[in-house]
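J.: First the structure, then my questions, so here it is.
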Amino acid sequence: MRLNSEIEKKWQKLWREAGAFEPDPDEGRKKFLITVPYPYTNDSLHVGHGRTYTLADVVARFHRIIGENVLFPMAFHQSGTPILAFSKRVASGDSKLITLYREHLQEYEASRERIDEVLESFKEPSGIADYFSEVIINDFTRLGFSIDWRRRFNTAEPIYQNFVTWQFLKLKELGMIKQGDYPVLYSAEDENAVGEDDIKDGDTDKVSIEELTVVLFSGPDYDLAAASLRPETIYGTTNLWISGNGDYVVVNWGGRRTVVAREAYEKIKLQEPSVEIIGEINRASILEARFRVPFSGVEVQAYESPVVDPSFGTGAVFSVPGHSIMDYFAIREAGLPFKPVSIIDMPEGSDSVGSLTSSMDIHGLSESSKLQEATQIIYKAEYYAGRMNSLNGSYSGMTVREARDRIRKDLFESRLGHSVYETSRKAETRGGARVVVAMLKDQWFIDYSLEWLKKATHELVDRMSFFPEIYRKPMHDAIDWLRERPCARKRGLGTRLPFDQEWIIESLSDSTIYMALYTMIAPLRKIHEKIGDVPPEIFDHVVYGMPLSGYDEVDAELREARLSYSYWYGVDTRITAVPHLSNHLAFFLINHAAMFPPDRQPRAIGISGMAVSKGAKIGKSKGNVVSLIGTCNKYSADIYRLFMASSADFSSVIDWNEDDLAALMRKYDQFISILDAYRSEPGDRGSFAARWFNASFKSRIARFIEAMEEYRIRDAVVSIFFEVLNDLKNAESMGAPRNSLLGGIMEQWLTALSCVVPHAAEEYWHRLGNDTFISLNVLDRPGQEEEDRVALESEKYLRKLIEDIREIMSATGKSFSRAEVRVAGTEHTEIARALMNNNRDSVPAEKKRVVGDFMKVRKSVVFHGFNELEVITDGLGIIQNALGIEVTVSESEVDVSGRNPWPGRPLVNLS
RNA sequence: GCGGAGGUAGCCGAGCCAGGUCAAAGGCGACAGACUCAAGAUCUGUUUCCGCAGGGAUACGCCGGUUCGAAUCCGGCCCUCCGCACCA
């Protein structure tokens, strides 16, 4: 008996028509601004996407029912390259993508013709962005989210760009914008920087950028450039290696005639455009020449070797057989007479070229994987533990670490060194083009390393709340770790840098303070209609209250904007998934710390865990992508919400699998049939069961509120949904009629439940004859009263008694037909009290014989705040019902074979 | 490699920050019983082992330590997951 989609849609429509979730400033009420990252509009959403938004809606609804004026706004992200790239792919007829889109569009479009039409529109980037914005509005509405859609915008629209322009001008004023060189992974073929997603296996096998030192070995009338990760080993050089195939060219590199491989040159050119070919040179002449090792002046010669890749580094390397296992074997296999020279001292027992050769059983260059492993081991060992020995000239005695830095520095200063960047592994794009490292010149950065900025942000982090708390420290760490971040690119959608129009602000940099825009978007739109682009001084006025003149025609709008901003701004909570922590969230905080006064800075961050599907990360390669809207239609919005809220803790990974969903659905159906069958009846407060049920409900609500306030949503839902249902069952089994039990709690229960299953709550609230929205109802904070405590405690007491009797029955394995229960009277209560206080003497002489018995059961003795005899008498029916035997109770001190009743520990005699 | 999180009963998943009330919530699954012609749903009970009277033993990744007392605090080890920069 589930609620059907029509009923859910009915409420969604009524909420919208009534503007139920469209709040305006209300000075008398506490405001609550909750935001989530706006979705990126390049595709429809899957079940994983829905998690953060669902949890945010639950939180938003909770704050609403505790009486706050809640604003939950939403916008759409279009900045960056993906939408552009996807649109291009559609336009060029990429069948894979088109098939995917076709599949997703089926969820929304009825006819094939219509789908074709939509796909046609995707050839324009705005076609994709606009379409999916609408789709997402539809999805979120369908999920019952309490979003104020009046305030939506997208990042491609002029007002947004005006706002970002203002932001970047401010950042520049604050000295946070810098320009400089920056190495990136790059495809020369595509003439583009490539990200992890563009690289074949980039997600599983990371590619990073490594900096190599180019060492110039001076020759007859040119230098041979040899690249290395270990410049400190030059004193161990026995010879040089060049490739046996591949051309070599003479280039002008920083004013010196330098020889590199032609293939290497192509890449070096991308890193240092000033390098020019000035001539060719044949290998034979290189092999005949003599070269001098920097600093030591030793003369060495070059040889050909298969270990050299002409595209890697400079296409030449220097050979250090004492510390490179590759060189060691290369020399052996080339039949050269050089002996390894050890120039680094290592602690006793460390691995060395010699020891690894035998321990790893390496015989030659053909065993490349073993060689690589050994190289790694030596590299690390020598770096961390090695010390330069006396053969190292002025570097003797330094640690390897120090020596590397010093030698690099000295090489650069004596113009015998350069840097060249390489990928950490050979990589190609998904299209098959080689990935290399290129140097972006004049890249714009936001400088997140500024001292004052870090300090201000750390203070903010200390001031605000984190849910869960464990993320506070990682946030401090992330802020420390951030340095300059490139903030603009030459392609993609977005806002142009106001001070350099060639550049477009990158999508993580343009979305750090936009939450403020929600508070002022309506008046800004009106201003934009009247005067066109919104100039920075208007934002200065609205945000900082700076004086403004010359805008009389939009005076009313300005006042409205200022009022609304002043009332709302300051994000009360930002909810987002954990992968955003070290990037988006950190930028969000830093930019706020930089641009806003403390009272406008964020107050809390809630971090939700990832969602996986069938145990695996959600992705089309895994084939586990489940459509969000499809799930809504197949099950229901309430079920989806309930699942997301109750299957895993807010911050832990949730696993989407339909088996669990089916189980949850049964529970939900049960809940619905209870509501269906409910007929309003006055609440019963008289019976034992009802007293207990009401008391328990109060504690469930209290727990619910407490948990929700700390974003422990799962706990809250367990308390208000599962536990209340269990309580109901329990109270019914104690003989109370269901409807009278529910009568006493219905309003409060539905109000609390409206956070999670708003449609059901709303529907049944109205079926009970109410015409207000339960979603806007206010939940009472119940106080715990003495009688409630007693009710809860006495129920526990009864249950324990039943369990005890059951245990006796099962332990003995016999069957019994009656139980005599005796509770302690005043005399034994007094004795127990005395003995608990170790006051043995006050026990009357004729009672000394019971002391031994007392001591045995001492730890289970409890002085309850109720009369045990009354409670058991009251619950006699319940006990008999549960056990199926006759039960009598009396207050009696008579012992049974030496055992006695004590407070909290009635004596049971079965027969 | 660097940084972070975590390992709890057949499974999922709380508890751990503030040590005892923890054989350890809740859900699922399994088993038994009730209801039913039957199945499903629902309800009741059981679900570490032992116990002919409400008890005991062993348990919260592994090994140690602190403590009268540890799933909870400390140290070491093993294992799993997540993030790591121009990418939304």
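Naming scheme: A, B, ... for chains in displayed order of the structure tokens; residues 1 onward per chain; ligands 1 onward as shown.
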If we count only C-alpha atoms (C1' of nucleotides) and set the cut-off at 10 Å, which residues sit around B:A59, ignoring sequence neighbours fewer than 5 positions away in its own chain? Please answer as a ChimeraX atom specification.
T.: /B:9,23,48,71
J.: Tell me as an MDAnalysis selection string which residues belonging to chain B come within 12 Å of chain A, counting only C-alpha atoms (C1' of nucleotides).
T.: chainID B and resid 1:6 11:15 17 21 25:29 41:46 50:55 81:88
J.: Can you list every residue in stretch 185-234 of chain A that DSSP puts in strand (DSSP E), as a list of chain:residue names?
T.: A:Leu185, A:Tyr186, A:Ser187, A:Asn192, A:Ala193, A:Ile209, A:Glu210, A:Glu211, A:Leu212, A:Thr213, A:Val214, A:Val215, A:Leu216, A:Phe217, A:Ser218, A:Asp223, A:Leu224, A:Ala225, A:Ala226, A:Ala227, A:Ser228
J.: Using only C-alpha atoms (C1' of nucleotides), determine which residues lie at most 12 Å from A:Ile674, disregarding the query and same-chain residues fewer than 3 positions distant; provide the list as number ranges by chain.
T.: A: 1-2, 667-671, 677-679, 725, 728-729, 738-739, 741-742, 746, 760, 764
J.: Could you please write out, as a PyMOL selection string, every residue of stretch 519-644 of chain A that DSSP assigns to alpha helix (DSSP H)?
T.: chain A and resi 521-531+536-544+555-568+586-595+628-634+637-644
J.: Please identify all polymer residues within 10 Å of A:Asp181, counting only C-alpha atoms (C1' of nucleotides), omitting same-chain residues fewer than 6 positions from it, and present them as number ranges by chain.
T.: A: 271, 439-445, 486
J.: Pull all heavy atoms from the residues just selected and write them as a tab-separated table (two decimals), in the first residue's frame.
T.:
chain	number	residue	atom	x	y	z
A	271	GLN	N	58.04	23.32	-23.18
A	271	GLN	CA	58.29	23.79	-21.82
A	271	GLN	C	59.08	25.09	-21.83
A	271	GLN	O	58.98	25.90	-20.92
A	271	GLN	CB	59.06	22.71	-21.04
A	271	GLN	CG	58.25	21.42	-20.93
A	271	GLN	CD	59.02	20.30	-20.26
A	271	GLN	OE1	60.12	20.50	-19.75
A	271	GLN	NE2	58.43	19.11	-20.26
A	439	MET	N	54.75	23.73	-20.45
A	439	MET	CA	54.78	24.83	-19.48
A	439	MET	C	53.80	25.90	-19.94
A	439	MET	O	53.91	26.42	-21.04
A	439	MET	CB	56.20	25.41	-19.44
A	439	MET	CG	56.40	26.44	-18.36
A	439	MET	SD	56.26	25.73	-16.72
A	439	MET	CE	57.86	24.93	-16.57
A	440	LEU	N	52.84	26.15	-19.08
A	440	LEU	CA	51.94	27.24	-19.40
A	440	LEU	C	52.60	28.54	-18.98
A	440	LEU	O	53.03	28.69	-17.84
A	440	LEU	CB	50.61	27.09	-18.64
A	440	LEU	CG	49.71	25.94	-19.03
A	440	LEU	CD1	48.42	26.01	-18.23
A	440	LEU	CD2	49.42	25.96	-20.52
A	441	LYS	N	52.65	29.47	-19.93
A	441	LYS	CA	53.31	30.74	-19.64
A	441	LYS	C	52.25	31.75	-19.17
A	441	LYS	O	51.15	31.77	-19.70
A	441	LYS	CB	53.98	31.27	-20.90
A	441	LYS	CG	55.16	30.44	-21.32
A	441	LYS	CD	56.35	30.77	-20.42
A	441	LYS	CE	57.48	29.78	-20.69
A	441	LYS	NZ	58.61	30.00	-19.80
A	442	ASP	N	52.61	32.56	-18.23
A	442	ASP	CA	51.72	33.63	-17.79
A	442	ASP	C	50.38	33.13	-17.28
A	442	ASP	O	49.36	33.77	-17.46
A	442	ASP	CB	51.49	34.66	-18.91
A	442	ASP	CG	52.80	35.23	-19.38
A	442	ASP	OD1	53.69	35.43	-18.53
A	442	ASP	OD2	52.94	35.45	-20.60
A	443	GLN	N	50.40	31.94	-16.71
A	443	GLN	CA	49.19	31.39	-16.11
A	443	GLN	C	48.76	32.28	-14.95
A	443	GLN	O	49.59	32.73	-14.15
A	443	GLN	CB	49.50	29.97	-15.60
A	443	GLN	CG	48.43	29.34	-14.74
A	443	GLN	CD	47.18	29.05	-15.51
A	443	GLN	OE1	47.21	28.47	-16.59
A	443	GLN	NE2	46.04	29.46	-14.98
A	444	TRP	N	47.44	32.50	-14.84
A	444	TRP	CA	46.92	33.27	-13.70
A	444	TRP	C	46.64	32.35	-12.52
A	444	TRP	O	46.08	31.27	-12.70
A	444	TRP	CB	45.64	34.00	-14.08
A	444	TRP	CG	45.89	35.16	-14.99
A	444	TRP	CD1	45.78	35.15	-16.35
A	444	TRP	CD2	46.29	36.48	-14.62
A	444	TRP	NE1	46.09	36.39	-16.86
A	444	TRP	CE2	46.40	37.22	-15.81
A	444	TRP	CE3	46.56	37.10	-13.40
A	444	TRP	CZ2	46.78	38.55	-15.83
A	444	TRP	CZ3	46.93	38.43	-13.41
A	444	TRP	CH2	47.04	39.15	-14.61
A	445	PHE	N	47.01	32.80	-11.36
A	445	PHE	CA	46.78	32.01	-10.15
A	445	PHE	C	46.00	32.81	-9.11
A	445	PHE	O	46.11	34.03	-9.06
A	445	PHE	CB	48.10	31.67	-9.46
A	445	PHE	CG	49.05	30.85	-10.28
A	445	PHE	CD1	50.00	31.46	-11.07
A	445	PHE	CD2	48.98	29.47	-10.22
A	445	PHE	CE1	50.88	30.70	-11.82
A	445	PHE	CE2	49.87	28.71	-10.96
A	445	PHE	CZ	50.82	29.32	-11.77
A	486	PRO	N	46.03	27.65	-10.22
A	486	PRO	CA	45.63	28.24	-11.48
A	486	PRO	C	44.13	28.50	-11.46
A	486	PRO	O	43.37	27.64	-11.04
A	486	PRO	CB	45.98	27.16	-12.50
A	486	PRO	CG	47.01	26.33	-11.84
A	486	PRO	CD	46.70	26.37	-10.38
